[in-house]
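Read through the structure below, which is laid out as structure tokens, and then see the notes.
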Amino acid sequence: MPSRKVLADAVRCLSMDAVQKANSGHPGAPMGMADMAEVLWNDFMTHNPANPQWMNRDRFVLSNGHASMLIYSMLHLTGYDLTIDDIKNFRQLHSKTAGHPEYMECPGVETTTGPLGQGIANGVGMALAEKMLAEQFNRDEFKVIDHFTYVFLGDGCMMEGISHEACSYAGALELGKLIALYDDNGISIDGEVEGWFVDDTAKRFEAYNWHVIDNVDGHDPEAVKAAIEAARAETSKPSLICCKTHIAYGSPNKQDSSKSHGAPLGDEEIALVREKLGWEHPPFEIPTEVYEGFDARQKGSAAETAWNDMFTAYGAKYPELAADLTRRMNRDLPEDFEATCEALFADLNDKKQDLATRKANVAVLEGLAPGLPELLGGSADLTGSNGCWWSGSKSYDRDNTDGNYLHYGVREFGMSAFMNGMVLHGGLLPYSGTFLVFSDYLRNAFRMAALMQLRAIWILTHDSIGVGEDGPTHQPVEHATAMRCIPNAYFFRPCDVVETAASWKIALEAKSTPSAMSLTRQGLPFFERDAAAMADVAKGGYILRDCEGEPEVIIIGTGSETKLAVAAAEELAAKGTKARVVSMYCCEVFDEQDQAYKDKVLPPQVTARVAVESGTPDFWYKYVGLGGRIVGMTTFGASAPGGQLFEHFGFTTEAVVAAAQEAMA
């Protein structure tokens, strides 16, 4: 069996060679973390390369995702479906080995990382999911959910604000099976970090209620092993292992230098590294004994087989629990979901309630949540404002571990990255709330959810100048447009309780798409719908009110402004103008419909069109055309009662009628 040094040197050389061949990448960090990775993966990680989705595997997150060749090397060497040709194809088009690790693109990659700090936050979500599911499903004799979450992170992750949000929350919830290994090499792109990063990291994490193991030599395998053993033994706190390392370890001229951070070492330096390490093999040639030293296939298969046997026995004794856990990990909805939705729509249509859509959200949750035990609510310290709490909600914290609602505190970005981690782990379906204006804080995590095709739901309330007296700091203007620009994401802005329910149904059925719901603080009217409208409401945009024959003008409304569109159409009708109202509460879902349906709703020959939304207007030209009219916001808001603001900024029936008449002129 090769020595630990030889095994780690294989990772170093594979990493620097791949970066060199690509002429692009970050060789320094994987070379510095190679010893840490060898110890963790060989001595502690429970995983099966033949089944990267095994339910009870340990999770590994490379938060400093620029060091991607570290995880690619480990996956290749331990036996995953990642060949040496894949390694040679590092950073090339259609490669499994992208510049930063990408979930679903490379087997064994648990989350897409690269935006620093989000990986550790994803890890917090994974560890929380493990803890919650273990509490829900484990029984004394059956630990069916029982694994660790390991995270590697560097100075950049530590500096990003999201790491503060994430790690303080992890300490508050006592996530004892979360273990983070900090690559403390003191170097970032700009050089030695001591000029701009002087935090006492150990004390900071101790203040977060973490178990901290400081000053570990990251190049001493036995020291790293002892630290991980100590971390695993501490079950009441998450653990941080601070590993002192040298970036580009083994490079005579670029070790401990920012020159090795984000650029190839160069052929001459690579030759010197080989000489210094005593690595005599040419690029991409790994000795058989090194592969044997890393191979995790037999051990992983045995671990999964033992777990499968246990789960079979668990299923025999607790069949309902086993079936529910399997369904939830497969991200399937209950068999009666459609019937539940039908009953909910019937109930809402019967009640005909005029509600703010944030309150409509509660009504929808009351109908759907009892049948979805995987649904996990939460809010960024706005529970009373967001409408995320329903009658079956119960707070979860370190003293109440059977809850289904998380009080995230004022941590919008962290909350959202936690949600991504929970979805990646499986078994939970998180939704959470904040104000739409604060979607700026969480937007990159929402973007990552869209990139990774994760089903999670954001409730974004107080969605316009209707917020009122809190003023322009709290009144979103550009935010709806900004959210709609993200690919593979749904942005819903429902006009009443029925559209709110339709939004939830679409969001829950969208296994590979995140959703955001833009909901009002102010009350909105209930709209009666005929059978045709009810049949089309699931299509994101539909004819809410129509006229006889072909319309002369089409008015498109969303959210709270839909009532203005309807009122304007009625006034135009009274004047003899045929007007159609289209409720476009989810543009992305509407755009997914076939062309025949879209042409039915928005006939190409009807060019007189108006869109009305209390937000940035430019987005709407895609539907009204350059000759259309838009009633929207071109400035920030102001502090005054909401009703006064709508009138002040021109959101009136008269203004919409005037816009329609201009469009027809």
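Letters for chains follow the order of the structure tokens (A, B, ...), residue numbers begin at 1 for each chain, and ligand numbers begin at 1 in the order shown.
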
Open item on the list: Neighbouring residues of segment 126-139 of chain A were defined as those with any atom within 6 Å, considering only C-alpha atoms; residues of the same chain fewer than 2 positions away were excluded. Please report them as an NGL selection string.
Closed with: :A and (123-124 or 141-145 or 149 or 178 or 421-422 or 425)

- [ ] Determine which residues of segment 147-262 of chain A receive a DSSP assignment of strand (DSSP E or B), computed from the backbone, and state them as an NGL selection string.
- [x] :A and (149-154 or 178-184 or 187-188 or 191-192 or 211-217 or 239-244)

Select from segment 246-316 of chain A every residue with an atom at most 12 Å from any atom of segment 322-344 of chain A, then for each give the shortest pair of atoms and their distance in Å to one decimal, using only C-alpha atoms, rows by chain and rising number, as CSV.
```
residue,atom,partner,partner_atom,distance
A:Asn308,CA,A:Ala322,CA,11.8
A:Met310,CA,A:Ala322,CA,11.2
A:Phe311,CA,A:Ala322,CA,7.7
A:Thr312,CA,A:Ala322,CA,8.7
A:Ala313,CA,A:Ala322,CA,9.8
A:Tyr314,CA,A:Ala322,CA,6.9
A:Gly315,CA,A:Ala322,CA,5.1
A:Ala316,CA,A:Ala322,CA,8.6
```

Residue subset to file, keeping N, CA, C and O atoms, as a PDB file, in the first residue's frame:
```
ATOM      1  N   ASN A 308     -29.029  -1.373   3.221  1.00  0.00           N
ATOM      2  CA  ASN A 308     -30.210  -1.894   2.529  1.00  0.00           C
ATOM      3  C   ASN A 308     -30.878  -3.012   3.327  1.00  0.00           C
ATOM      4  O   ASN A 308     -32.113  -3.084   3.399  1.00  0.00           O
ATOM      5  N   MET A 310     -30.781  -3.356   6.541  1.00  0.00           N
ATOM      6  CA  MET A 310     -31.437  -2.712   7.672  1.00  0.00           C
ATOM      7  C   MET A 310     -32.735  -2.039   7.228  1.00  0.00           C
ATOM      8  O   MET A 310     -33.765  -2.131   7.910  1.00  0.00           O
ATOM      9  N   PHE A 311     -32.703  -1.381   6.066  1.00  0.00           N
ATOM     10  CA  PHE A 311     -33.896  -0.675   5.611  1.00  0.00           C
ATOM     11  C   PHE A 311     -35.018  -1.655   5.258  1.00  0.00           C
ATOM     12  O   PHE A 311     -36.199  -1.355   5.449  1.00  0.00           O
ATOM     13  N   THR A 312     -34.645  -2.825   4.756  1.00  0.00           N
ATOM     14  CA  THR A 312     -35.652  -3.854   4.488  1.00  0.00           C
ATOM     15  C   THR A 312     -36.338  -4.282   5.781  1.00  0.00           C
ATOM     16  O   THR A 312     -37.570  -4.406   5.836  1.00  0.00           O
ATOM     17  N   ALA A 313     -35.546  -4.477   6.821  1.00  0.00           N
ATOM     18  CA  ALA A 313     -36.122  -4.841   8.115  1.00  0.00           C
ATOM     19  C   ALA A 313     -36.961  -3.687   8.684  1.00  0.00           C
ATOM     20  O   ALA A 313     -38.023  -3.905   9.283  1.00  0.00           O
ATOM     21  N   TYR A 314     -36.472  -2.496   8.494  1.00  0.00           N
ATOM     22  CA  TYR A 314     -37.212  -1.296   8.935  1.00  0.00           C
ATOM     23  C   TYR A 314     -38.560  -1.225   8.232  1.00  0.00           C
ATOM     24  O   TYR A 314     -39.605  -0.964   8.847  1.00  0.00           O
ATOM     25  N   GLY A 315     -38.555  -1.483   6.910  1.00  0.00           N
ATOM     26  CA  GLY A 315     -39.796  -1.449   6.148  1.00  0.00           C
ATOM     27  C   GLY A 315     -40.780  -2.513   6.576  1.00  0.00           C
ATOM     28  O   GLY A 315     -42.004  -2.308   6.524  1.00  0.00           O
ATOM     29  N   ALA A 316     -40.262  -3.661   7.001  1.00  0.00           N
ATOM     30  CA  ALA A 316     -41.154  -4.724   7.467  1.00  0.00           C
ATOM     31  C   ALA A 316     -41.835  -4.335   8.770  1.00  0.00           C
ATOM     32  O   ALA A 316     -43.008  -4.653   8.987  1.00  0.00           O
TER      33      ALA A 316
END
```

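For the residues A:Ala569, A:Ala502, A:Leu368, A:Val193, ranking by smallest atom-to-atom distance to Lys539 of chain A using only C-alpha atoms places A:Ala502 first.
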
Task: Residue neighbourhood Tyr405 of chain A, 10 Å, only C-alpha atoms, exclusion window fewer than 3 positions, as number ranges by chain - done: A: 375-379, 383, 388-390, 392-397, 402, 408, 430-432

Any chance you can output those residues with all heavy atoms as a compact mmCIF listing (two decimals), in the first residue's frame?
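File out_11.txt, as written:
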```txt
# COMPACT_ATOMS: atom_id res chain seq x y z
N LEU A 375 -43.11 19.29 3.80
CA LEU A 375 -43.12 20.74 3.68
C LEU A 375 -42.55 21.37 4.95
O LEU A 375 -43.02 21.11 6.06
CB LEU A 375 -44.55 21.22 3.44
CG LEU A 375 -44.75 22.52 2.65
CD1 LEU A 375 -44.10 22.44 1.28
CD2 LEU A 375 -46.23 22.83 2.52
N LEU A 376 -41.52 22.20 4.76
CA LEU A 376 -40.83 22.83 5.89
C LEU A 376 -40.88 24.33 5.70
O LEU A 376 -40.29 24.87 4.76
CB LEU A 376 -39.38 22.34 5.95
CG LEU A 376 -38.51 22.96 7.04
CD1 LEU A 376 -38.99 22.56 8.43
CD2 LEU A 376 -37.05 22.55 6.85
N GLY A 377 -41.61 25.01 6.58
CA GLY A 377 -41.77 26.44 6.46
C GLY A 377 -40.66 27.22 7.15
O GLY A 377 -39.80 26.66 7.82
N GLY A 378 -40.71 28.53 6.97
CA GLY A 378 -39.73 29.38 7.62
C GLY A 378 -39.86 30.81 7.16
O GLY A 378 -40.58 31.12 6.21
N SER A 379 -39.15 31.69 7.86
CA SER A 379 -39.17 33.11 7.50
C SER A 379 -37.92 33.77 8.07
O SER A 379 -37.39 33.35 9.10
CB SER A 379 -40.42 33.80 8.06
OG SER A 379 -40.37 35.19 7.82
N THR A 383 -42.19 36.28 10.25
CA THR A 383 -43.26 35.29 10.29
C THR A 383 -44.64 35.94 10.32
O THR A 383 -45.56 35.53 9.59
CB THR A 383 -43.08 34.36 11.51
OG1 THR A 383 -41.90 33.57 11.31
CG2 THR A 383 -44.27 33.43 11.68
N CYS A 388 -46.48 32.78 6.15
CA CYS A 388 -45.88 31.46 5.99
C CYS A 388 -46.29 30.49 7.09
O CYS A 388 -45.98 29.30 7.01
CB CYS A 388 -44.35 31.58 5.96
SG CYS A 388 -43.71 32.35 4.47
N TRP A 389 -46.91 30.98 8.13
CA TRP A 389 -47.30 30.16 9.28
C TRP A 389 -48.76 29.75 9.13
O TRP A 389 -49.63 30.57 8.92
CB TRP A 389 -47.12 30.97 10.56
CG TRP A 389 -47.41 30.24 11.84
CD1 TRP A 389 -48.64 30.05 12.40
CD2 TRP A 389 -46.47 29.62 12.71
NE1 TRP A 389 -48.52 29.34 13.58
CE2 TRP A 389 -47.20 29.06 13.80
CE3 TRP A 389 -45.08 29.48 12.70
CZ2 TRP A 389 -46.57 28.38 14.85
CZ3 TRP A 389 -44.47 28.81 13.75
CH2 TRP A 389 -45.21 28.26 14.81
N TRP A 390 -49.00 28.44 9.21
CA TRP A 390 -50.37 27.94 9.17
C TRP A 390 -50.68 27.23 10.48
O TRP A 390 -49.81 27.09 11.35
CB TRP A 390 -50.57 27.03 7.96
CG TRP A 390 -49.71 25.80 7.93
CD1 TRP A 390 -48.38 25.74 7.67
CD2 TRP A 390 -50.13 24.47 8.18
NE1 TRP A 390 -47.93 24.45 7.73
CE2 TRP A 390 -48.98 23.64 8.04
CE3 TRP A 390 -51.35 23.87 8.48
CZ2 TRP A 390 -49.03 22.25 8.22
CZ3 TRP A 390 -51.40 22.49 8.64
CH2 TRP A 390 -50.26 21.70 8.52
N GLY A 392 -50.97 24.28 11.42
CA GLY A 392 -50.18 23.11 11.77
C GLY A 392 -48.70 23.39 11.93
O GLY A 392 -47.91 22.46 12.15
N SER A 393 -48.30 24.65 11.85
CA SER A 393 -46.89 24.99 12.01
C SER A 393 -46.45 24.84 13.46
O SER A 393 -47.20 25.16 14.39
CB SER A 393 -46.63 26.43 11.55
OG SER A 393 -46.83 26.58 10.16
N LYS A 394 -45.23 24.37 13.62
CA LYS A 394 -44.63 24.24 14.95
C LYS A 394 -43.16 24.61 14.85
O LYS A 394 -42.44 24.09 14.00
CB LYS A 394 -44.78 22.81 15.47
CG LYS A 394 -44.24 22.62 16.89
CD LYS A 394 -44.46 21.21 17.40
CE LYS A 394 -43.92 21.06 18.82
NZ LYS A 394 -44.11 19.68 19.35
N SER A 395 -42.73 25.51 15.71
CA SER A 395 -41.35 26.00 15.66
C SER A 395 -40.35 24.88 15.92
O SER A 395 -40.55 24.03 16.80
CB SER A 395 -41.14 27.12 16.68
OG SER A 395 -41.94 28.23 16.38
N TYR A 396 -39.26 24.92 15.15
CA TYR A 396 -38.15 23.99 15.33
C TYR A 396 -36.96 24.77 15.88
O TYR A 396 -36.59 25.83 15.35
CB TYR A 396 -37.77 23.34 14.00
CG TYR A 396 -36.61 22.37 14.11
CD1 TYR A 396 -36.83 21.00 14.19
CD2 TYR A 396 -35.28 22.81 14.13
CE1 TYR A 396 -35.77 20.09 14.28
CE2 TYR A 396 -34.22 21.92 14.23
CZ TYR A 396 -34.47 20.57 14.31
OH TYR A 396 -33.43 19.69 14.41
N ASP A 397 -36.36 24.27 16.94
CA ASP A 397 -35.10 24.80 17.44
C ASP A 397 -34.41 23.70 18.23
O ASP A 397 -34.88 22.56 18.26
CB ASP A 397 -35.30 26.08 18.28
CG ASP A 397 -36.24 25.88 19.46
OD1 ASP A 397 -36.15 24.83 20.14
OD2 ASP A 397 -37.07 26.77 19.71
N ASP A 402 -39.05 18.53 17.01
CA ASP A 402 -40.10 17.88 16.22
C ASP A 402 -40.92 18.90 15.43
O ASP A 402 -42.02 18.62 14.97
CB ASP A 402 -41.03 17.05 17.12
CG ASP A 402 -41.72 17.90 18.17
OD1 ASP A 402 -41.28 19.05 18.41
OD2 ASP A 402 -42.70 17.42 18.77
N TYR A 408 -35.45 31.66 10.85
CA TYR A 408 -34.10 31.84 10.33
C TYR A 408 -33.40 33.08 10.87
O TYR A 408 -32.19 33.23 10.69
CB TYR A 408 -34.14 31.92 8.81
CG TYR A 408 -34.49 30.63 8.12
CD1 TYR A 408 -35.74 30.43 7.53
CD2 TYR A 408 -33.57 29.59 8.02
CE1 TYR A 408 -36.06 29.25 6.88
CE2 TYR A 408 -33.87 28.40 7.37
CZ TYR A 408 -35.13 28.24 6.80
OH TYR A 408 -35.44 27.07 6.16
N PRO A 430 -38.62 22.74 1.26
CA PRO A 430 -38.66 23.99 2.04
C PRO A 430 -39.34 25.15 1.31
O PRO A 430 -39.24 25.30 0.10
CB PRO A 430 -37.19 24.29 2.26
CG PRO A 430 -36.50 23.69 1.08
CD PRO A 430 -37.30 22.48 0.68
N TYR A 431 -40.04 25.95 2.10
CA TYR A 431 -40.51 27.25 1.63
C TYR A 431 -40.17 28.25 2.72
O TYR A 431 -40.09 27.91 3.91
CB TYR A 431 -42.02 27.24 1.33
CG TYR A 431 -42.91 27.15 2.55
CD1 TYR A 431 -43.39 28.30 3.19
CD2 TYR A 431 -43.30 25.92 3.07
CE1 TYR A 431 -44.21 28.22 4.30
CE2 TYR A 431 -44.11 25.82 4.19
CZ TYR A 431 -44.57 26.98 4.80
OH TYR A 431 -45.38 26.90 5.91
N SER A 432 -39.95 29.49 2.32
CA SER A 432 -39.60 30.49 3.32
C SER A 432 -40.00 31.87 2.83
O SER A 432 -40.25 32.07 1.64
CB SER A 432 -38.11 30.47 3.63
OG SER A 432 -37.38 30.93 2.53
```

TODO: Do a neighbour search on segment 153-160 of chain A at 6 Å with only C-alpha atoms, toss out local chain neighbours closer than 3 positions, and write the hits as JSON, numbers by chain.
DONE: {"A": [63, 64, 116, 117, 163, 182, 183]}

Open item on the list: I'd like to know which residues of segment 422-617 of chain A are alpha helix (DSSP H) (by DSSP, run on the backbone); could you write them as JSON, numbers by chain?
Closed with: {"A": [422, 423, 424, 425, 439, 440, 441, 442, 443, 444, 445, 446, 447, 448, 449, 450, 451, 452, 479, 480, 481, 482, 483, 484, 497, 498, 499, 500, 501, 502, 503, 504, 505, 506, 507, 508, 509, 531, 532, 533, 534, 535, 536, 562, 563, 564, 565, 566, 567, 568, 569, 570, 571, 572, 573, 574, 587, 588, 589, 590, 591, 595, 596, 597, 598, 599, 600, 601]}

- [ ] Excluding segment 279-285 of chain A and residues on its chain fewer than 4 positions from it, collect all residues at most 8 Å away from it, counting only C-alpha atoms, and give them as a list in words.
- [x] Asp9, Cys13, Leu14, Asp17, Ala18, Ile84, Lys88, Arg274 and Glu275 of chain A

So that I have them on file, write out the residues from the current selection with all heavy atoms, as a compact mmCIF listing (two decimals), in the first residue's frame.
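Wrote again_2.txt, looks like this:
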```txt
# COMPACT_ATOMS: atom_id res chain seq x y z
N ASP A 9 0.19 13.04 -2.95
CA ASP A 9 0.94 13.59 -4.09
C ASP A 9 0.26 13.25 -5.42
O ASP A 9 0.34 14.02 -6.38
CB ASP A 9 2.36 13.06 -4.08
CG ASP A 9 3.22 13.71 -2.99
OD1 ASP A 9 2.78 14.72 -2.42
OD2 ASP A 9 4.32 13.19 -2.71
N CYS A 13 -0.51 16.08 -8.17
CA CYS A 13 -0.02 16.04 -9.54
C CYS A 13 -1.15 15.95 -10.55
O CYS A 13 -1.10 16.59 -11.62
CB CYS A 13 0.95 14.87 -9.70
SG CYS A 13 2.50 15.12 -8.77
N LEU A 14 -2.18 15.19 -10.22
CA LEU A 14 -3.34 15.11 -11.12
C LEU A 14 -3.98 16.49 -11.26
O LEU A 14 -4.38 16.91 -12.36
CB LEU A 14 -4.34 14.10 -10.57
CG LEU A 14 -5.36 13.49 -11.54
CD1 LEU A 14 -4.68 12.86 -12.73
CD2 LEU A 14 -6.21 12.45 -10.80
N ASP A 17 -1.63 18.92 -13.28
CA ASP A 17 -1.56 18.52 -14.68
C ASP A 17 -2.83 18.88 -15.44
O ASP A 17 -2.78 19.32 -16.60
CB ASP A 17 -1.29 17.02 -14.79
CG ASP A 17 0.13 16.64 -14.38
OD1 ASP A 17 1.01 17.53 -14.40
OD2 ASP A 17 0.36 15.47 -14.03
N ALA A 18 -3.98 18.68 -14.80
CA ALA A 18 -5.25 19.01 -15.45
C ALA A 18 -5.36 20.50 -15.70
O ALA A 18 -5.81 20.94 -16.77
CB ALA A 18 -6.42 18.51 -14.61
N ILE A 84 -10.13 9.02 -16.55
CA ILE A 84 -8.94 9.86 -16.73
C ILE A 84 -9.12 10.78 -17.93
O ILE A 84 -8.60 11.91 -17.95
CB ILE A 84 -7.67 9.00 -16.87
CG1 ILE A 84 -6.42 9.85 -16.62
CG2 ILE A 84 -7.62 8.32 -18.22
CD1 ILE A 84 -6.27 10.34 -15.21
N LYS A 88 -8.67 14.79 -18.11
CA LYS A 88 -7.93 15.48 -19.17
C LYS A 88 -8.79 16.55 -19.85
O LYS A 88 -8.26 17.50 -20.44
CB LYS A 88 -7.46 14.47 -20.23
CG LYS A 88 -6.39 13.51 -19.74
CD LYS A 88 -6.04 12.52 -20.85
CE LYS A 88 -4.99 11.52 -20.40
NZ LYS A 88 -4.67 10.52 -21.46
N ARG A 274 7.45 17.87 -9.56
CA ARG A 274 7.64 16.42 -9.65
C ARG A 274 8.96 15.99 -9.00
O ARG A 274 9.03 15.01 -8.27
CB ARG A 274 7.61 15.97 -11.12
CG ARG A 274 6.21 15.79 -11.68
CD ARG A 274 6.27 15.23 -13.11
NE ARG A 274 5.04 14.54 -13.44
CZ ARG A 274 3.88 15.16 -13.70
NH1 ARG A 274 3.84 16.48 -13.70
NH2 ARG A 274 2.80 14.46 -13.96
N GLU A 275 9.97 16.77 -9.26
CA GLU A 275 11.28 16.45 -8.70
C GLU A 275 11.27 16.56 -7.18
O GLU A 275 11.78 15.69 -6.46
CB GLU A 275 12.33 17.39 -9.30
CG GLU A 275 13.75 17.11 -8.81
CD GLU A 275 14.77 18.05 -9.45
OE1 GLU A 275 14.42 18.73 -10.44
OE2 GLU A 275 15.90 18.11 -8.93
```

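Residue nearest Met448 of chain A, chosen from A:Ser583, A:Thr513, A:Ser3, A:Ser68 and counting only C-alpha atoms: A:Thr513.
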
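Remark: for Glu102 of chain A, the closest of the candidate residues A:Leu355, A:Asp440, A:Leu451, A:Glu206 is A:Leu451 (distances computed over only C-alpha atoms).
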
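For the residues A:Asp599, A:Glu613, A:Asp591, A:Glu561, ranking by smallest atom-to-atom distance to Ile543 of chain A using only C-alpha atoms places A:Asp599 first.
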
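Among the candidate residues A:Asp309, A:Ser73, A:Gly25, A:Lys352, the one lying nearest to His100 of chain A is A:Gly25, with distances computed using only C-alpha atoms.
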
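Across the model, the gap from atom CA of Glu269 of chain A to atom CA of Glu292 of chain A is 28.6 Å.
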
- [ ] Do a neighbour search on Asp43 of chain A at 10 Å with only C-alpha atoms, toss out local chain neighbours closer than 6 positions, and write the hits as an NGL selection string.
- [x] :A and (37 or 225 or 228-229)

Taking all heavy atoms for each residue, export the selection above as a compact mmCIF listing (two decimals), in the first residue's frame.
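The new file part_0.txt reads:
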```
# COMPACT_ATOMS: atom_id res chain seq x y z
N ALA A 37 -7.78 15.92 2.20
CA ALA A 37 -8.75 15.14 1.43
C ALA A 37 -8.45 13.65 1.51
O ALA A 37 -9.36 12.82 1.66
CB ALA A 37 -8.76 15.60 -0.02
N LYS A 225 -6.24 13.38 11.03
CA LYS A 225 -7.07 12.25 11.44
C LYS A 225 -7.55 12.40 12.88
O LYS A 225 -8.74 12.20 13.19
CB LYS A 225 -6.30 10.94 11.28
CG LYS A 225 -7.10 9.70 11.66
CD LYS A 225 -6.30 8.42 11.42
CE LYS A 225 -7.12 7.19 11.82
NZ LYS A 225 -6.35 5.94 11.58
N ILE A 228 -10.32 15.04 13.05
CA ILE A 228 -11.62 14.57 12.56
C ILE A 228 -12.26 13.62 13.55
O ILE A 228 -13.47 13.67 13.79
CB ILE A 228 -11.47 13.93 11.17
CG1 ILE A 228 -10.98 14.96 10.15
CG2 ILE A 228 -12.80 13.34 10.70
CD1 ILE A 228 -10.66 14.39 8.78
N GLU A 229 -11.46 12.75 14.16
CA GLU A 229 -12.00 11.85 15.18
C GLU A 229 -12.59 12.64 16.34
O GLU A 229 -13.68 12.32 16.84
CB GLU A 229 -10.89 10.91 15.68
CG GLU A 229 -10.51 9.84 14.68
CD GLU A 229 -9.31 9.03 15.13
OE1 GLU A 229 -8.55 9.51 16.02
OE2 GLU A 229 -9.10 7.92 14.59
```

- [ ] Write out as a VMD selection string each polymer residue whose atoms come within 6 Å of segment 554-559 of chain A, counting only C-alpha atoms; drop sequence neighbours fewer than 6 positions from it.
- [x] chain A and resid 493 to 495 565 579 to 585 609 to 612

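Among the candidates A:Leu181, A:Cys587, A:Ser239, A:Asp354, the one nearest to Lys563 of chain A when counting only C-alpha atoms is A:Asp354.
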